[in-house]
Amino acid sequence: MPNTRLRQSVKPQRSPKGLFIVVTVVIAVVVLGAFFFLNPQKEQPAQRNGKPATSFNKQHYSLSDPASPWLVVNKKRPLSPLTYEPANLRAPDMALAAAATNPSMQMNAEAAEALEKLNTAAQQAGIELVVVSAYRSYDVQKRVYDSEVRGFGKAQADRESARPGHSEHQTGWAVDLGAANGECQIEPCFGDTPEGQWLAQNAHTYGFIIRYTKDKEPITGYQHEPWHLRYVGTELAAELHRTSTKTLEEFFGLPAAPNY
Ligand code: DAL
Ligand code: ZN
């Protein structure tokens with residue numbers, strides 16, 4: 001008589017331990033697969049400082065319209081029209097070197113408002129500023145340039161003063177600032193005064209840039225002018241600061257303008 005007990009014992013059987021391992025592996029595969037498939041971070045854009053990266057739109061404003069805060073005027077890019085006159089000029093409410101009714105103390109209204117905010121912050125930091133020269137018409141700029149040529153010769157005049165139709169001062173977007181105590185007024189040493197240093201560090205917060213910085217004469221065509229502020233708006237000023245870009249020409253990929 002066959003030994004049925006023996007026959008049953010040789011039939012292959014899955015042990016409880018083996019079943020446990022198979023089930024565990026299947027569960028692990030399903031859980032890990034679901035994790036990688038559903039992980040929400042997988043589809044998120046690159047992040048910078050905890051905020052989604054944004055691209056700066058360099059076409060947002062015109063670079064050629066004199067009424068645009070992003071206008072780039074230099075020796076290669078004259079104003080159009082050459083005798084452009086801005087609307088909306090007013091003097092900022094702060095210390096002025098002449099009467100508020102004098103056009104040379106006035107700026108584009110948006111820039112004047114921004115300058116008032118800058119001046120309030122400066123005063124809170126113990127910095128006393130004064131407007132030395134802001135708007136200059138084509139005719140006034142011609143007088144300034146001609147006087148520089150008479151005093152220093154054409155080559156040096158062109159390093160310091162724009163020819164008429166080529167100055168930011170003719171647009172109402174620029175202002176020359178000084179220290180209220182008169183130290184180094186419109187002199188290179190203004191950059192070393194507390195007022196000049198404060199402007200270099202803080203102007204961008206209020207939408208201004210130091211337009212003619214040290215070592216950029218081959219691009220801008222002008223010597224360092226630590227007193228000459230150009231309003232470009234807070235968005236562009238912040239981007240120039242963030243990217244450590246010193247000139248509008250470099251930022252917008254425009255040709256250098258060392259001469260006419
Ligand atoms: N001093 C600057 C370059 C101007 O005349 O506009
Ligand atoms: Zn200036």
# chains A, B, ... in the order shown; residues from 1 in each chain; ligands from 1
>>> residues_near_ligand(ligand="ligand 2", cutoff="12 Å", atoms="only C-alpha atoms and all ligand atoms", output="PyMOL selection string")
chain A and resi 104+131-136+141+144+160-162+166-178+185-187+209-212+222-231
>>> select_by_dssp(residues="stretch 67-202 of chain A", states="helix (DSSP H, G or I)", output="VMD selection string")
chain A and resid 103 to 105 109 to 124 138 to 152 154 to 160 168 to 171 188 to 192 194 to 202
>>> select_by_dssp(residues="stretch 51-193 of chain A", states="strand (DSSP E)", output="list of chain:residue names")
A:Lys51, A:Pro52, A:Leu89, A:Arg90, A:Met107, A:Asn108, A:Leu129, A:Val130, A:Val131, A:Val132, A:Ser133, A:Ala174, A:Val175, A:Asp176, A:Leu177, A:Gly178, A:Ala179
>>> write_last_selection(atoms="N, CA, C and O atoms", output="mmCIF file, in the first residue's frame")
data_model
loop_
_atom_site.group_PDB
_atom_site.id
_atom_site.type_symbol
_atom_site.label_atom_id
_atom_site.label_comp_id
_atom_site.auth_asym_id
_atom_site.auth_seq_id
_atom_site.Cartn_x
_atom_site.Cartn_y
_atom_site.Cartn_z
ATOM 1 N N LYS A 51 11.182 81.701 -3.800
ATOM 2 C CA LYS A 51 10.112 82.212 -4.653
ATOM 3 C C LYS A 51 10.309 81.671 -6.062
ATOM 4 O O LYS A 51 11.444 81.491 -6.500
ATOM 5 N N PRO A 52 9.213 81.434 -6.809
ATOM 6 C CA PRO A 52 9.370 80.938 -8.167
ATOM 7 C C PRO A 52 10.214 81.914 -8.987
ATOM 8 O O PRO A 52 10.078 83.126 -8.849
ATOM 9 N N LEU A 89 6.524 118.466 -15.886
ATOM 10 C CA LEU A 89 7.686 118.770 -15.046
ATOM 11 C C LEU A 89 7.245 119.424 -13.743
ATOM 12 O O LEU A 89 6.336 120.256 -13.735
ATOM 13 N N ARG A 90 7.892 119.053 -12.642
ATOM 14 C CA ARG A 90 7.662 119.751 -11.374
ATOM 15 C C ARG A 90 8.882 119.576 -10.478
ATOM 16 O O ARG A 90 9.658 118.630 -10.634
ATOM 17 N N MET A 107 11.661 118.049 -12.560
ATOM 18 C CA MET A 107 11.816 116.712 -13.148
ATOM 19 C C MET A 107 10.461 116.222 -13.628
ATOM 20 O O MET A 107 9.422 116.758 -13.235
ATOM 21 N N ASN A 108 10.478 115.160 -14.401
ATOM 22 C CA ASN A 108 9.266 114.415 -14.711
ATOM 23 C C ASN A 108 8.549 114.122 -13.379
ATOM 24 O O ASN A 108 9.211 113.777 -12.390
ATOM 25 N N LEU A 129 20.471 116.021 1.430
ATOM 26 C CA LEU A 129 20.744 116.194 -0.001
ATOM 27 C C LEU A 129 20.127 117.475 -0.535
ATOM 28 O O LEU A 129 19.192 118.015 0.066
ATOM 29 N N VAL A 130 20.628 117.942 -1.676
ATOM 30 C CA VAL A 130 20.055 119.113 -2.330
ATOM 31 C C VAL A 130 20.068 118.881 -3.845
ATOM 32 O O VAL A 130 21.000 118.251 -4.370
ATOM 33 N N VAL A 131 19.011 119.348 -4.504
ATOM 34 C CA VAL A 131 18.971 119.276 -5.974
ATOM 35 C C VAL A 131 19.851 120.399 -6.524
ATOM 36 O O VAL A 131 19.631 121.572 -6.243
ATOM 37 N N VAL A 132 20.864 120.011 -7.306
ATOM 38 C CA VAL A 132 21.776 121.003 -7.897
ATOM 39 C C VAL A 132 21.332 121.361 -9.308
ATOM 40 O O VAL A 132 21.330 122.526 -9.695
ATOM 41 N N SER A 133 20.944 120.348 -10.084
ATOM 42 C CA SER A 133 20.523 120.595 -11.469
ATOM 43 C C SER A 133 19.686 119.421 -11.952
ATOM 44 O O SER A 133 20.103 118.271 -11.838
ATOM 45 N N ALA A 174 16.574 112.871 -15.238
ATOM 46 C CA ALA A 174 17.872 112.901 -14.539
ATOM 47 C C ALA A 174 17.964 114.069 -13.562
ATOM 48 O O ALA A 174 17.313 115.102 -13.738
ATOM 49 N N VAL A 175 18.802 113.874 -12.556
ATOM 50 C CA VAL A 175 19.024 114.931 -11.561
ATOM 51 C C VAL A 175 20.451 114.826 -11.024
ATOM 52 O O VAL A 175 20.959 113.721 -10.805
ATOM 53 N N ASP A 176 21.084 115.981 -10.868
ATOM 54 C CA ASP A 176 22.384 116.041 -10.189
ATOM 55 C C ASP A 176 22.112 116.437 -8.743
ATOM 56 O O ASP A 176 21.502 117.486 -8.488
ATOM 57 N N LEU A 177 22.556 115.579 -7.812
ATOM 58 C CA LEU A 177 22.351 115.859 -6.385
ATOM 59 C C LEU A 177 23.664 116.251 -5.736
ATOM 60 O O LEU A 177 24.747 115.844 -6.176
ATOM 61 N N GLY A 178 23.555 117.030 -4.661
ATOM 62 C CA GLY A 178 24.731 117.409 -3.894
ATOM 63 C C GLY A 178 24.468 117.218 -2.421
ATOM 64 O O GLY A 178 23.336 116.921 -2.000
ATOM 65 N N ALA A 179 25.538 117.372 -1.634
ATOM 66 C CA ALA A 179 25.387 117.363 -0.176
ATOM 67 C C ALA A 179 24.925 118.765 0.243
ATOM 68 O O ALA A 179 25.376 119.767 -0.333
#
>>> residues_around(residues="A:Pro81", least_positions_apart="2", cutoff="12 Å", atoms="only C-alpha atoms", output="CSV table (one decimal) with all heavy atoms, in the first residue's frame")
chain,number,residue,atom,x,y,z
A,64,SER,N,13.5,104.0,-26.8
A,64,SER,CA,13.7,105.1,-27.8
A,64,SER,C,12.8,106.3,-27.5
A,64,SER,O,13.2,107.4,-27.9
A,64,SER,CB,13.5,104.6,-29.2
A,64,SER,OG,14.2,103.5,-29.5
A,65,ASP,N,11.7,106.0,-26.9
A,65,ASP,CA,10.8,107.1,-26.6
A,65,ASP,C,11.3,108.0,-25.4
A,65,ASP,O,11.4,107.4,-24.3
A,65,ASP,CB,9.4,106.5,-26.3
A,65,ASP,CG,8.3,107.6,-26.0
A,65,ASP,OD1,8.7,108.8,-25.9
A,65,ASP,OD2,7.2,107.2,-25.8
A,66,PRO,N,11.5,109.3,-25.6
A,66,PRO,CA,12.1,110.1,-24.5
A,66,PRO,C,11.1,110.2,-23.3
A,66,PRO,O,11.6,110.5,-22.2
A,66,PRO,CB,12.2,111.5,-25.2
A,66,PRO,CG,12.1,111.3,-26.6
A,66,PRO,CD,11.3,110.0,-26.9
A,67,ALA,N,9.8,109.8,-23.5
A,67,ALA,CA,8.9,109.8,-22.4
A,67,ALA,C,8.9,108.5,-21.6
A,67,ALA,O,8.2,108.4,-20.7
A,67,ALA,CB,7.5,110.2,-22.9
A,73,VAL,N,19.5,107.1,-23.9
A,73,VAL,CA,20.1,108.2,-24.7
A,73,VAL,C,21.6,108.3,-24.4
A,73,VAL,O,22.0,108.2,-23.3
A,73,VAL,CB,19.4,109.6,-24.4
A,73,VAL,CG1,19.4,110.0,-23.0
A,73,VAL,CG2,20.0,110.7,-25.3
A,77,ARG,N,22.9,107.5,-29.5
A,77,ARG,CA,21.4,107.4,-29.6
A,77,ARG,C,20.8,108.8,-29.2
A,77,ARG,O,20.4,109.0,-28.0
A,77,ARG,CB,20.9,106.4,-28.6
A,77,ARG,CG,21.3,104.9,-28.9
A,77,ARG,CD,21.0,104.0,-27.8
A,77,ARG,NE,19.5,104.0,-27.5
A,77,ARG,CZ,18.6,103.2,-28.0
A,77,ARG,NH1,19.0,102.3,-28.9
A,77,ARG,NH2,17.4,103.3,-27.7
A,78,PRO,N,20.8,109.7,-30.1
A,78,PRO,CA,20.3,111.1,-29.8
A,78,PRO,C,18.8,111.0,-29.5
A,78,PRO,O,18.1,110.0,-29.9
A,78,PRO,CB,20.5,111.8,-31.1
A,78,PRO,CG,20.7,110.8,-32.2
A,78,PRO,CD,21.2,109.6,-31.5
A,79,LEU,N,18.3,112.1,-28.9
A,79,LEU,CA,16.9,112.2,-28.6
A,79,LEU,C,16.1,112.4,-29.9
A,79,LEU,O,16.6,113.0,-30.8
A,79,LEU,CB,16.6,113.3,-27.7
A,79,LEU,CG,17.1,113.2,-26.2
A,79,LEU,CD1,16.9,114.5,-25.4
A,79,LEU,CD2,16.4,112.0,-25.5
A,83,THR,N,15.1,118.2,-30.2
A,83,THR,CA,14.7,119.3,-29.3
A,83,THR,C,13.6,118.9,-28.4
A,83,THR,O,12.8,119.8,-27.9
A,83,THR,CB,14.3,120.6,-30.2
A,83,THR,OG1,13.2,120.2,-31.0
A,83,THR,CG2,15.4,121.2,-30.9
A,84,TYR,N,13.5,117.6,-28.1
A,84,TYR,CA,12.4,117.1,-27.3
A,84,TYR,C,12.2,117.9,-26.0
A,84,TYR,O,13.2,118.3,-25.3
A,84,TYR,CB,12.7,115.7,-26.9
A,84,TYR,CG,11.8,115.1,-25.8
A,84,TYR,CD1,10.5,114.7,-26.2
A,84,TYR,CD2,12.2,114.9,-24.5
A,84,TYR,CE1,9.6,114.2,-25.2
A,84,TYR,CE2,11.3,114.4,-23.5
A,84,TYR,CZ,10.1,114.0,-23.9
A,84,TYR,OH,9.2,113.5,-23.0
A,85,GLU,N,10.9,118.2,-25.7
A,85,GLU,CA,10.6,118.9,-24.4
A,85,GLU,C,9.6,118.0,-23.6
A,85,GLU,O,8.5,117.7,-24.1
A,85,GLU,CB,9.9,120.2,-24.7
A,85,GLU,CG,10.9,121.3,-25.2
A,85,GLU,CD,10.2,122.6,-25.5
A,85,GLU,OE1,9.1,122.9,-24.9
A,85,GLU,OE2,10.8,123.4,-26.3
A,86,PRO,N,9.9,117.6,-22.4
A,86,PRO,CA,9.0,116.8,-21.6
A,86,PRO,C,7.8,117.5,-21.1
A,86,PRO,O,7.9,118.8,-20.9
A,86,PRO,CB,9.9,116.3,-20.5
A,86,PRO,CG,10.9,117.3,-20.3
A,86,PRO,CD,11.1,117.9,-21.7
A,138,TYR,N,17.0,121.9,-24.5
A,138,TYR,CA,18.0,121.8,-25.6
A,138,TYR,C,18.9,123.1,-25.5
A,138,TYR,O,20.2,123.0,-25.6
A,138,TYR,CB,17.3,121.7,-26.9
A,138,TYR,CG,18.3,121.7,-28.1
A,138,TYR,CD1,18.6,120.4,-28.7
A,138,TYR,CD2,18.8,122.8,-28.7
A,138,TYR,CE1,19.5,120.3,-29.8
A,138,TYR,CE2,19.7,122.8,-29.8
A,138,TYR,CZ,20.0,121.5,-30.3
A,138,TYR,OH,20.9,121.5,-31.4
A,164,PRO,N,23.8,119.1,-26.9
A,164,PRO,CA,22.4,119.3,-26.9
A,164,PRO,C,21.7,118.2,-27.8
A,164,PRO,O,22.2,117.7,-28.8
A,164,PRO,CB,22.2,120.7,-27.5
A,164,PRO,CG,23.5,121.0,-28.2
A,164,PRO,CD,24.5,120.3,-27.4
A,165,GLY,N,20.5,117.7,-27.2
A,165,GLY,CA,19.8,116.6,-27.9
A,165,GLY,C,20.4,115.2,-27.6
A,165,GLY,O,19.9,114.2,-28.1
A,166,HIS,N,21.4,115.2,-26.7
A,166,HIS,CA,21.9,113.9,-26.2
A,166,HIS,C,22.0,113.7,-24.7
A,166,HIS,O,22.7,112.8,-24.2
A,166,HIS,CB,23.4,113.7,-26.8
A,166,HIS,CG,23.4,113.7,-28.3
A,166,HIS,ND1,23.3,114.8,-29.1
A,166,HIS,CD2,23.5,112.6,-29.2
A,166,HIS,CE1,23.4,114.4,-30.4
A,166,HIS,NE2,23.5,113.1,-30.4
A,170,GLN,N,17.8,116.6,-20.5
A,170,GLN,CA,16.7,117.2,-21.4
A,170,GLN,C,15.4,116.4,-21.4
A,170,GLN,O,14.4,116.8,-21.9
A,170,GLN,CB,17.3,117.2,-22.9
A,170,GLN,CG,16.5,118.1,-23.8
A,170,GLN,CD,17.1,118.1,-25.2
A,170,GLN,OE1,18.3,118.1,-25.4
A,170,GLN,NE2,16.2,118.1,-26.2
A,171,THR,N,15.4,115.2,-20.8
A,171,THR,CA,14.2,114.4,-20.7
A,171,THR,C,13.4,114.5,-19.4
A,171,THR,O,12.3,114.1,-19.4
A,171,THR,CB,14.6,112.9,-20.8
A,171,THR,OG1,15.3,112.5,-19.6
A,171,THR,CG2,15.5,112.6,-22.0
>>> closest_residue(among="A:Ser137, A:Gln59, A:Gln123, A:Asn88", to="ligand 1", atoms="only C-alpha atoms and all ligand atoms")
A:Ser137
>>> atom_distance(atom1="atom 3 (C, counted along the ligand's line) of ligand 1", atom2="atom CA of A:Leu82")
15.9 Å
>>> closest_residue(among="A:Arg159, A:His241, A:Arg150, A:His60", to="A:Glu217", atoms="only C-alpha atoms")
A:Arg159
>>> residues_around(residues="A:Asn119", least_positions_apart="6", cutoff="12 Å", atoms="only C-alpha atoms", output="number ranges by chain")
A: 92-96, 112-113, 125-131, 177-180, 195, 198-199, 202-203, 205-206, 208
>>> closest_residue(among="A:Ala257, A:Cys189, A:Ala91, A:Ala98", to="ligand 1", atoms="only C-alpha atoms and all ligand atoms")
A:Ala257
>>> atom_distance(atom1="atom CA of A:Asn259", atom2="atom CA of A:Lys75")
5.8 Å
>>> atom_distance(atom1="atom CA of A:Thr245", atom2="atom CA of A:Pro188")
21.0 Å
>>> closest_residue(among="A:Thr193, A:Asn181, A:Ser244, A:Ser147", to="A:Ala97", atoms="only C-alpha atoms")
A:Asn181
